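Okay, structure first, notes after.
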Amino acid sequence: MPVVELTGVSHQFGEGSARRTVLADVNVRFSESRVGVVGANGSGKSTFARLLNGLIIPTQGDVAVDGLSTARHGREIRRRVGFCFTDPDAQIVMPTVGEDVAFSLRSSDLSKEQVAERVAQVLGQFGLADLADRPSHLLSGGQKQLLALAAVLVSEPNLVVMDEPTTLLDMRNSRMIGEYVSGLDTQVVLVTHHLELLESFDRVLVFDEARLVCDDTPAAAVEHYRRLMG
């Protein structure tokens, strides 16, 4: 599994008197298969997630994946680290399901036939094979989230970062996404408010007021988080 390391990482947004710290002095290293991230709204957890694939470059410190800095090796990092947003509509760009998954392979060296084979394989994996020609915008919320995940995984990243992928879903679709995530072979970092999804994870990070305040087993970290919210 990839080794992810944040060293002395802080990040601020805004300018002048409006400048505010959204992440402060984070030092963490992990290589586990499943890492959860929890925290209240505004705690810094989504900023942390976006740092991992270079969507955000830290104001201070360094973020590295397998020794590659997100600040200096952005293109290689984005090949290694996939990202799923809370709202799948933010990343679904093509008119049909099959085209959207294929779009992720536009810069690959695969032939047209190899792309078609890879797309069919991934659509089958996520139960979307019968929807390949369906307009993307006509999918249900759960299907859209599966499509967004399929479009990330078709390029075979080493790590997938998921920022609250079940927030907009009902309980049944949230459970479905959770089951797919638990069965993935790739490393996963999952930011979530649905704490039950983290029960089988290896490790959970808790953020509060821009700081990493707990790094522990799921049970211990979730208990720490509940006390913070109590």
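Ordering of the structure tokens sets the chain letters (A, B, ...); residue numbers start at 1 within each chain; ligands are numbered from 1 in the order shown.
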
*Give me the residues within 10 Å of range 141-156 of chain A as a PyMOL selection string, counting only C-alpha atoms and dropping any in the same chain fewer than 6 places off.*
chain A and resi 79-93+97-108+115+118-128+131+162+165-166+168-170+172-177+180-181+184+186

*Every residue of range 26-138 of chain A that DSSP places in helix (DSSP H, G or I), as a PyMOL selection string*: chain A and resi 45-51+74-80+88-90+97-103+112-125+129-131+136-138

*Which is closer to Arg134 in chain A than all the others in A:Ala219, A:Thr96, A:Ala71, A:Gln114, using only C-alpha atoms?*
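Under the stated criterion, the closest residue is A:Thr96.
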
*How many Å lie between CA of Asp202 in chain A and CA of Ala40 in chain A, rounded to one decimal?*
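So the answer is 21.0 Å.
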
*Please provide as a list in words all residues within 10 Å of range 13-23 of chain A, with the sequence filter that same-chain residues fewer than 5 positions apart are discarded (counting only C-alpha atoms).*
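Answer for this query is Gly42, Ser43, Gly44, Lys45, Ser46, Thr47, Phe48, Pro58, Thr59, Gln60, Phe207, Asp208, Glu209, Ala210, Arg211 and Leu212 of chain A.
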
_Here is a test: counting only C-alpha atoms, which residue of A:Cys214, A:Val9, A:Ala221, A:His73 is nearest to Leu198 in chain A?_
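Checking each candidate against Leu198 in chain A, we get A:Ala221 as the closest.
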
_For CA of Leu55 in chain A and CA of Ser69 in chain A, the interatomic separation in Å (one decimal)_ =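 Here the two named atoms are 12.6 Å from each other.
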
*asked:* With DSSP run on the backbone, what are the strand (DSSP E or B) residues within range 67-142 of chain A? I'd like them as a ChimeraX atom specification.
replied: /A:68-69,81-84,96,135

_Using only C-alpha atoms: which of A:Met171, A:Val160, A:Val222, A:Ala24 has the shortest distance to Val189 in chain A_ =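 The answer is A:Val160, which sits nearest to Val189 in chain A.
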
*What's the 8 Å shell around Val65 in chain A, counting only C-alpha atoms, without same-chain residues fewer than 2 positions away, as a PyMOL selection string?*
chain A and resi 2-5+52+63+67-70+77

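Here the question is which of A:Arg29, A:Met94, A:Met229, A:His11 gets nearest to Asp66 in chain A using only C-alpha atoms, and that residue is A:Arg29.
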
_If we count only C-alpha atoms and set the cut-off at 7 Å, which residues sit around Leu190 in chain A, ignoring sequence neighbours fewer than 3 positions away in its own chain? Please answer as a list in words._
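My list of contacting residues is Val35, Gly36, Val37, Val161, Met162 and Asp163 of chain A.
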
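Of the listed residues A:Arg34, A:His137, A:Arg226, A:Arg203, the one whose atoms come nearest to Pro95 in chain A is A:His137, with distances taken using only C-alpha atoms.
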
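Atom pair CA of Ser33 in chain A / CA of Gly183 in chain A has a distance of 11.1 Å (rounded to one decimal).
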
_Report as a list in words all protein, DNA and RNA residues lying within 6 Å of Leu6 in chain A, evaluated on only C-alpha atoms, omitting residues in the same chain fewer than 4 positions from it._
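Skipping anything fewer than 4 positions along the chain leaves Asn27, Val28, Asp62 and Val63 of chain A.
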